[in-house]
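K.L.:
If you scroll down you'll find the structure; I have some questions about it.
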Amino acid sequence: MSARETMLWTAPTFRPVIPRVAFREVLVAQLWMLWDSRRVAVLVVSLGLAMFIPLAPGHGMMPFLVGIHVTVLLAALLWGAVVWHAQDPQHRMEHREMPVDFRSHDLARVLAGALLFAGAYGVIAVAALFAPPAIGGPPPLPAWHLFGMAAGLVAAYLFGSAAGIALRHPIAGLSIFVVGYILLGQVLTAVLERPASRFVTELLGTWGLEVAIVGPVAMHTTMVRGSPTSFAFPAATEWVPAVCLWLGVSILLFMLALAPPRFLRRRA
Amino acid sequence: MLFHIDEADPRPIYVQIMDEVRRGLITGKLKRGDPLPSVREMAADLSVNPNTVKQAYRELEREGLVEPRRGEGTFVADTARVSRAERRTLARGVAERALWDAIRHGLSAEEFLAAAEVVARQRGMLTEASAAAVSAAAAGAAETSGAEGPA
Amino acid sequence: MSDHPLDGVTTHGLRKEFGHQRALDGVNLRVAPGAAYLMAGENGAGKSTLLRILLGLQEATAGTVSVLGLDPAVDGAGVRALVGYMPDRVEFEHGWMSVDAALRFHARYRPRWDAAYAAELIGQLELPRDRRLAGLSKGQRRRLQLVFTLAHRPPIVVMDEPTDALDPRMRERFAQLLSAYLADTDATLILSTHAIADVKSIPTDVGILRQGQLVLQCKREALRNRLVRVSAEVPNDWLPPPAIGVRTISEEHRGGMLRAVLWAAPEEACALLESAGAATTSLDALTLSEAVVAMLAAPPSWTPEAVEVEIALLPGGVL
């Protein structure tokens, strides 16, 4: 029977009932796997460190979550990659051999990691409710700052996930990126001490990665005789464009990693 | 009863299994009404494909040697008899294998047959009377199946 | 069992290229439903690649594939759900899991998981439930893979070098368990291995892959009927007549003795040798293992179809 005839056979007398697994079960399997693998230890440790060494400017005088935001972002970035950590590229084979569509399976793992992160973050948030209030009490967080923080966390996790899926050594790759970015920033700043073009200032200024990261949590502190008297959050227009840009970039990179178009696909 | 099959034997596996059952019947190891191993058991013991065992059992059923009992498995039929014709076929099979063995050892058919007769006499399995009957039967068989070709 | 073309596993014109290297070349695989198909061939012949393509783990360059009516390139997840796959690999991704945990993990992906059967297999294969996967020996890992493969009772089982790393006692156990599984489920089996002796008489069909081409695909019994090893005394300066030469797969002609593997039925071989003036001293059927070795040792251009054609073309027709 030629291939064409085989494909034209429209009324098969035998159709197997395929025992497909529900996405919910796959998600639970991945959740439980991540939990049992003790990788959550990485999550706990990194978030624990975040709680004690916050990097946001003016720490100690602002809402706890705001203060630790930047380190939490780094933790999210790292966690996105750790979720995919494997000693050997061969080990991905077992993941591929499961009876799940490749993209759905990868998505399930990313989602499982996100849920675990959200859970851990939730625990910290609840703990923060009981933290002693800062001097004079912090100003209430406007809604778009919460959006900015959430977007930042999502973007960081997606970056980490993209690295985890696409790279053989995601953690090394991310480290190179972070270090490279910082170095690049230093070089450009040094080089552009002299009058810089408006474009580059724009690029690094309103749209820069630092703005996206720090913007939602930077606070203007008014000092009177050495002590802070009032705090104010910056205007949204200062950082919202950057956040949106980098969130978009992270989503794009993640989708490219998850479902690479033909020309990007590694030789199968 | 222990069943044996030989992968290097030119006979198909299912034929070997059938011959084994016949062997059991003739030697008395399998009696009428005895259960045969289940397809699963036999296949696992011999490490053969279960479909092969099924085929053997089917053919044996066709020949009336075994009968399946619903829910209980396959049993040697109450009316099972290895007829004379079947005994002859079995004997021919054994003879052929023995003959090839002899040839492999560089013996001729005459040398082998002569030795076979001597050994059978020595062990008291062959008397003068039965020896004569054997020669007569062999001659008779050769006449009726004249152009059977080389053994 | 039906003969429907969408049952079983078939490929048509399957081709796989890695750059300039052709791993599979026009393979027309035909595995009937319920068959136990032995895929034989040398290393690098393309066996593992073919199996991975069947499972949707690798994309073919050209050709069509059908596994129970499904196209693995389109519905790879569906194919993998129907297949119990034992890959040619002994490492596990989650080495920290205990055997018990790994079973529960795999069970989640398999709605048809049979926990009782899994427990029975664990017992038969003597696997320690509490040990971490990373702490298992190579043989134990292989046995655990067997449990993963069969415990969900798939209608199709695909195995790549399954007895690799197993000790002799466990190879026996493996053959018994596999045979029992086939007896219970009427499953279709595709088994790729060098260790043909380990699988004894389980295969019903044989396919031989040489340099990416399926040079032979037939029933096991047909092969038994068509291959024979002969020894014969031949006179000096004896040359094989065409009728024998065309059927010769391998031969050794030394000091008045001819040893050859012929593509012929035993009676046929005997008659041919007689009429060629050779005195047969021995005649043996080949075990499956010997048959595969003989076919792989045959000249590269040798295929059964070619031989049958040549035989038919001989003067005087088929002897």
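Following the order of the structure tokens, first chain is A, next is B, and so on, with residues numbered from 1 inside each chain and ligands from 1 in the order they appear.
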Select from chain B everything DSSP, run on the backbone, classes as alpha helix (DSSP H), then give the selection as a VMD selection string.

P.N.:
chain B and resid 13 to 27 39 to 46 50 to 62 84 to 104 109 to 122 128 to 144

K.L.:
Given a cut-off of 7 Å, which residues of chain C touch chain A, counting only C-alpha atoms, written out as a PDB file with N, CA and C atoms, in the first residue's frame?

P.N.:
```
ATOM      1  N   PRO C   5      -4.441  -1.378   7.495  1.00  0.00           N
ATOM      2  CA  PRO C   5      -3.137  -0.724   7.339  1.00  0.00           C
ATOM      3  C   PRO C   5      -2.842   0.298   8.432  1.00  0.00           C
ATOM      4  N   LEU C   6      -3.869   0.741   9.160  1.00  0.00           N
ATOM      5  CA  LEU C   6      -3.596   1.722  10.199  1.00  0.00           C
ATOM      6  C   LEU C   6      -3.339   1.056  11.550  1.00  0.00           C
ATOM      7  N   HIS C  12       6.914   4.488   5.599  1.00  0.00           N
ATOM      8  CA  HIS C  12       6.971   4.416   4.154  1.00  0.00           C
ATOM      9  C   HIS C  12       7.999   5.404   3.647  1.00  0.00           C
ATOM     10  N   GLN C  58      12.378  12.346  17.378  1.00  0.00           N
ATOM     11  CA  GLN C  58      13.266  12.875  16.359  1.00  0.00           C
ATOM     12  C   GLN C  58      12.438  13.040  15.099  1.00  0.00           C
ATOM     13  N   GLU C  59      12.797  14.041  14.299  1.00  0.00           N
ATOM     14  CA  GLU C  59      12.015  14.268  13.089  1.00  0.00           C
ATOM     15  C   GLU C  59      12.661  13.609  11.905  1.00  0.00           C
ATOM     16  N   THR C  64       6.771   8.808   5.577  1.00  0.00           N
ATOM     17  CA  THR C  64       5.652   8.851   6.518  1.00  0.00           C
ATOM     18  C   THR C  64       5.793   7.748   7.550  1.00  0.00           C
ATOM     19  N   GLY C  76       2.910  13.381  18.764  1.00  0.00           N
ATOM     20  CA  GLY C  76       3.942  12.617  19.458  1.00  0.00           C
ATOM     21  C   GLY C  76       3.486  12.191  20.836  1.00  0.00           C
ATOM     22  N   ALA C  77       2.768  13.079  21.535  1.00  0.00           N
ATOM     23  CA  ALA C  77       2.308  12.748  22.879  1.00  0.00           C
ATOM     24  C   ALA C  77       1.366  11.553  22.841  1.00  0.00           C
ATOM     25  N   GLY C  78       0.488  11.512  21.850  1.00  0.00           N
ATOM     26  CA  GLY C  78      -0.447  10.399  21.718  1.00  0.00           C
ATOM     27  C   GLY C  78       0.290   9.089  21.476  1.00  0.00           C
ATOM     28  N   ARG C  80       3.402   8.413  22.281  1.00  0.00           N
ATOM     29  CA  ARG C  80       4.145   8.028  23.481  1.00  0.00           C
ATOM     30  C   ARG C  80       3.219   7.537  24.582  1.00  0.00           C
ATOM     31  N   ALA C  81       1.957   7.965  24.536  1.00  0.00           N
ATOM     32  CA  ALA C  81       1.006   7.477  25.527  1.00  0.00           C
ATOM     33  C   ALA C  81       0.653   6.017  25.251  1.00  0.00           C
ATOM     34  N   LEU C  82       0.693   5.624  23.979  1.00  0.00           N
ATOM     35  CA  LEU C  82       0.325   4.256  23.610  1.00  0.00           C
ATOM     36  C   LEU C  82       1.504   3.299  23.666  1.00  0.00           C
ATOM     37  N   PHE C  92      19.177   8.360  34.742  1.00  0.00           N
ATOM     38  CA  PHE C  92      17.885   8.943  35.082  1.00  0.00           C
ATOM     39  C   PHE C  92      18.035  10.435  35.334  1.00  0.00           C
ATOM     40  N   GLU C  93      16.992  11.187  34.983  1.00  0.00           N
ATOM     41  CA  GLU C  93      17.039  12.622  35.219  1.00  0.00           C
ATOM     42  C   GLU C  93      16.964  12.925  36.713  1.00  0.00           C
ATOM     43  N   TRP C  96      17.810  11.586  42.487  1.00  0.00           N
ATOM     44  CA  TRP C  96      17.587  11.699  43.922  1.00  0.00           C
ATOM     45  C   TRP C  96      16.295  10.988  44.359  1.00  0.00           C
ATOM     46  N   PHE C 105       5.875   8.860  40.403  1.00  0.00           N
ATOM     47  CA  PHE C 105       6.038   9.941  39.424  1.00  0.00           C
ATOM     48  C   PHE C 105       5.586   9.485  38.043  1.00  0.00           C
ATOM     49  N   ARG C 108       1.809   8.948  37.553  1.00  0.00           N
ATOM     50  CA  ARG C 108       0.977  10.118  37.319  1.00  0.00           C
ATOM     51  C   ARG C 108       0.773  10.410  35.844  1.00  0.00           C
ATOM     52  N   TYR C 109       1.780  10.054  35.042  1.00  0.00           N
ATOM     53  CA  TYR C 109       1.696  10.340  33.615  1.00  0.00           C
ATOM     54  C   TYR C 109       0.912   9.270  32.862  1.00  0.00           C
ATOM     55  N   ARG C 110       0.579   8.187  33.542  1.00  0.00           N
ATOM     56  CA  ARG C 110       0.001   7.030  32.865  1.00  0.00           C
ATOM     57  C   ARG C 110      -1.332   6.651  33.486  1.00  0.00           C
ATOM     58  N   PRO C 111      -2.440   7.104  32.849  1.00  0.00           N
ATOM     59  CA  PRO C 111      -3.754   6.767  33.397  1.00  0.00           C
ATOM     60  C   PRO C 111      -3.987   5.262  33.503  1.00  0.00           C
ATOM     61  N   ARG C 112      -3.292   4.463  32.669  1.00  0.00           N
ATOM     62  CA  ARG C 112      -3.534   3.020  32.696  1.00  0.00           C
ATOM     63  C   ARG C 112      -2.530   2.266  33.561  1.00  0.00           C
TER      64      ARG C 112
END
```

K.L.:
Would you tabulate, counting only C-alpha atoms, all residues of chain C that have an atom at most 7 Å from an atom of chain B, showing the closest pair of atoms and their distance in Å to one decimal, sorted by chain then ascending number, as a tab-separated table?

P.N.:
```
residue	atom	partner	partner_atom	distance
C:Ala175	CA	B:Ser47	CA	5.8
C:Gln176	CA	B:Ala44	CA	4.3
C:Leu177	CA	B:Ala44	CA	6.9
C:Ser179	CA	B:Ala44	CA	5.2
C:Ala180	CA	B:Arg40	CA	5.4
C:Leu182	CA	B:Pro50	CA	6.6
C:Ala183	CA	B:Pro50	CA	5.1
C:Lys200	CA	B:Ser47	CA	6.1
C:Ser201	CA	B:Val48	CA	4.4
C:Ile202	CA	B:Asn49	CA	4.2
C:Pro203	CA	B:Asn49	CA	6.6
C:Glu221	CA	B:Pro12	CA	6.3
C:Arg224	CA	B:Pro10	CA	6.5
C:Thr281	CA	B:Arg104	CA	5.4
C:Ser282	CA	B:Arg104	CA	5.0
C:Ala285	CA	B:Pro10	CA	5.0
C:Leu286	CA	B:Ala8	CA	5.4
C:Thr287	CA	B:Ala8	CA	4.7
```

K.L.:
Can you build me a table of segment 2-62 of chain B residues sitting at most 10 Å from segment 81-94 of chain B, with the closest atom pair per residue and its distance in Å to one decimal, using only C-alpha atoms, sorted by chain and residue number, as a Markdown table?

P.N.:
```
| residue | atom | partner | partner_atom | distance |
| --- | --- | --- | --- | --- |
| B:Arg11 | CA | B:Gly93 | CA | 9.8 |
| B:Asp19 | CA | B:Leu90 | CA | 7.4 |
| B:Arg22 | CA | B:Val82 | CA | 7.0 |
| B:Arg23 | CA | B:Leu90 | CA | 8.4 |
| B:Leu25 | CA | B:Val82 | CA | 7.2 |
| B:Ile26 | CA | B:Val82 | CA | 7.0 |
| B:Arg32 | CA | B:Arg81 | CA | 8.8 |
```

K.L.:
Using only C-alpha atoms, which protein or nucleic acid residues come within 10 Å of Gly64 of chain B? Drop anything in the same chain fewer than 6 positions from it, and give the result as a PyMOL selection string.

P.N.:
chain B and resi 58+76-82

K.L.:
Provide the atom CA of Gly119 of chain A to atom CA of Ala76 of chain A distance in Å, to one decimal place.

P.N.:
12.4 Å

K.L.:
Do you have the atom CA of Val15 of chain B-atom CA of Thr204 of chain C distance handy?

P.N.:
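Distance between the two atoms: 14.6 Å.
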
K.L.:
List as an NGL selection string the protein and nucleic acid residues near Cys218 of chain C, meaning an atom at most 9 Å away when only C-alpha atoms are counted, but skip any in the same chain fewer than 4 places from it.

P.N.:
:C and (204-207 or 222-223)

K.L.:
Go ahead and save the picked residues with C-alpha atoms, as an mmCIF file, in the first residue's frame.

P.N.:
```cif
data_model
loop_
_atom_site.group_PDB
_atom_site.id
_atom_site.type_symbol
_atom_site.label_atom_id
_atom_site.label_comp_id
_atom_site.auth_asym_id
_atom_site.auth_seq_id
_atom_site.Cartn_x
_atom_site.Cartn_y
_atom_site.Cartn_z
ATOM 1 C CA THR C 204 7.897 -13.688 15.205
ATOM 2 C CA ASP C 205 9.266 -11.247 12.641
ATOM 3 C CA VAL C 206 12.733 -10.099 11.755
ATOM 4 C CA GLY C 207 13.991 -6.918 10.121
ATOM 5 C CA ALA C 222 10.328 -18.063 6.866
ATOM 6 C CA LEU C 223 13.921 -17.349 7.739
#
```

K.L.:
Please list as an mmCIF file with C-alpha atoms, in the first residue's frame every residue within 9 Å of Ala155 of chain A, counting only C-alpha atoms and excluding residues in the same chain fewer than 3 positions away.

P.N.:
```cif
data_model
loop_
_atom_site.group_PDB
_atom_site.id
_atom_site.type_symbol
_atom_site.label_atom_id
_atom_site.label_comp_id
_atom_site.auth_asym_id
_atom_site.auth_seq_id
_atom_site.Cartn_x
_atom_site.Cartn_y
_atom_site.Cartn_z
ATOM 1 C CA LEU A 73 14.200 39.644 41.729
ATOM 2 C CA ALA A 76 13.417 34.753 40.852
ATOM 3 C CA LEU A 77 15.913 34.925 38.011
ATOM 4 C CA ALA A 150 4.875 41.935 40.123
ATOM 5 C CA ALA A 151 5.882 42.578 36.519
ATOM 6 C CA GLY A 152 9.495 42.643 37.570
ATOM 7 C CA LEU A 158 10.689 34.240 32.602
ATOM 8 C CA PHE A 159 14.255 35.279 31.799
ATOM 9 C CA GLY A 160 15.527 32.555 34.083
ATOM 10 C CA VAL A 243 9.043 47.835 33.042
ATOM 11 C CA TRP A 246 11.588 44.470 29.713
ATOM 12 C CA LEU A 247 8.508 42.446 30.585
ATOM 13 C CA GLY A 248 7.835 42.253 26.864
ATOM 14 C CA VAL A 249 11.408 41.222 26.142
ATOM 15 C CA SER A 250 11.249 38.475 28.766
ATOM 16 C CA ILE A 251 7.987 37.144 27.381
#
```

K.L.:
According to DSSP computed on the backbone, where in segment 71-145 of chain C is there strand (DSSP E)? Give the residues as number ranges by chain.

P.N.:
C: 83-86

K.L.:
Please save N, CA and C atoms of the selected residues as a short mmCIF file (atom, residue, chain, number, x, y, z; two decimals), in the first residue's frame.

P.N.:
```
data_model
loop_
_atom_site.label_atom_id
_atom_site.label_comp_id
_atom_site.auth_asym_id
_atom_site.auth_seq_id
_atom_site.Cartn_x
_atom_site.Cartn_y
_atom_site.Cartn_z
N VAL C 83 2.70 3.84 23.78
CA VAL C 83 3.90 3.00 23.67
C VAL C 83 4.64 2.91 25.00
N GLY C 84 5.11 1.72 25.32
CA GLY C 84 6.04 1.56 26.42
C GLY C 84 7.43 1.57 25.81
N TYR C 85 8.23 2.58 26.14
CA TYR C 85 9.52 2.75 25.48
C TYR C 85 10.66 2.54 26.46
N MET C 86 11.59 1.70 26.06
CA MET C 86 12.77 1.47 26.88
C MET C 86 13.96 1.95 26.08
#
```

K.L.:
Pick out the residues sitting within 6 Å of Gly41 of chain C, and hand them over as a PyMOL selection string; count only C-alpha atoms, and ignore anything fewer than 4 positions along from it in its own chain.

P.N.:
chain C and resi 45+208-210

K.L.:
Using only C-alpha atoms, determine which residues lie at most 8 Å from Ala259 of chain A, disregarding the query and same-chain residues fewer than 3 positions distant; provide the list as a compact mmCIF listing (two decimals) with N, CA and C atoms, in the first residue's frame.

P.N.:
```
# COMPACT_ATOMS: atom_id res chain seq x y z
N ARG A 103 5.94 21.23 24.38
CA ARG A 103 5.71 22.59 24.90
C ARG A 103 4.89 22.57 26.17
N MET A 255 9.06 32.73 25.00
CA MET A 255 8.32 32.03 23.95
C MET A 255 9.26 31.48 22.89
N LEU A 256 10.34 32.21 22.61
CA LEU A 256 11.32 31.70 21.66
C LEU A 256 11.99 30.45 22.21
```
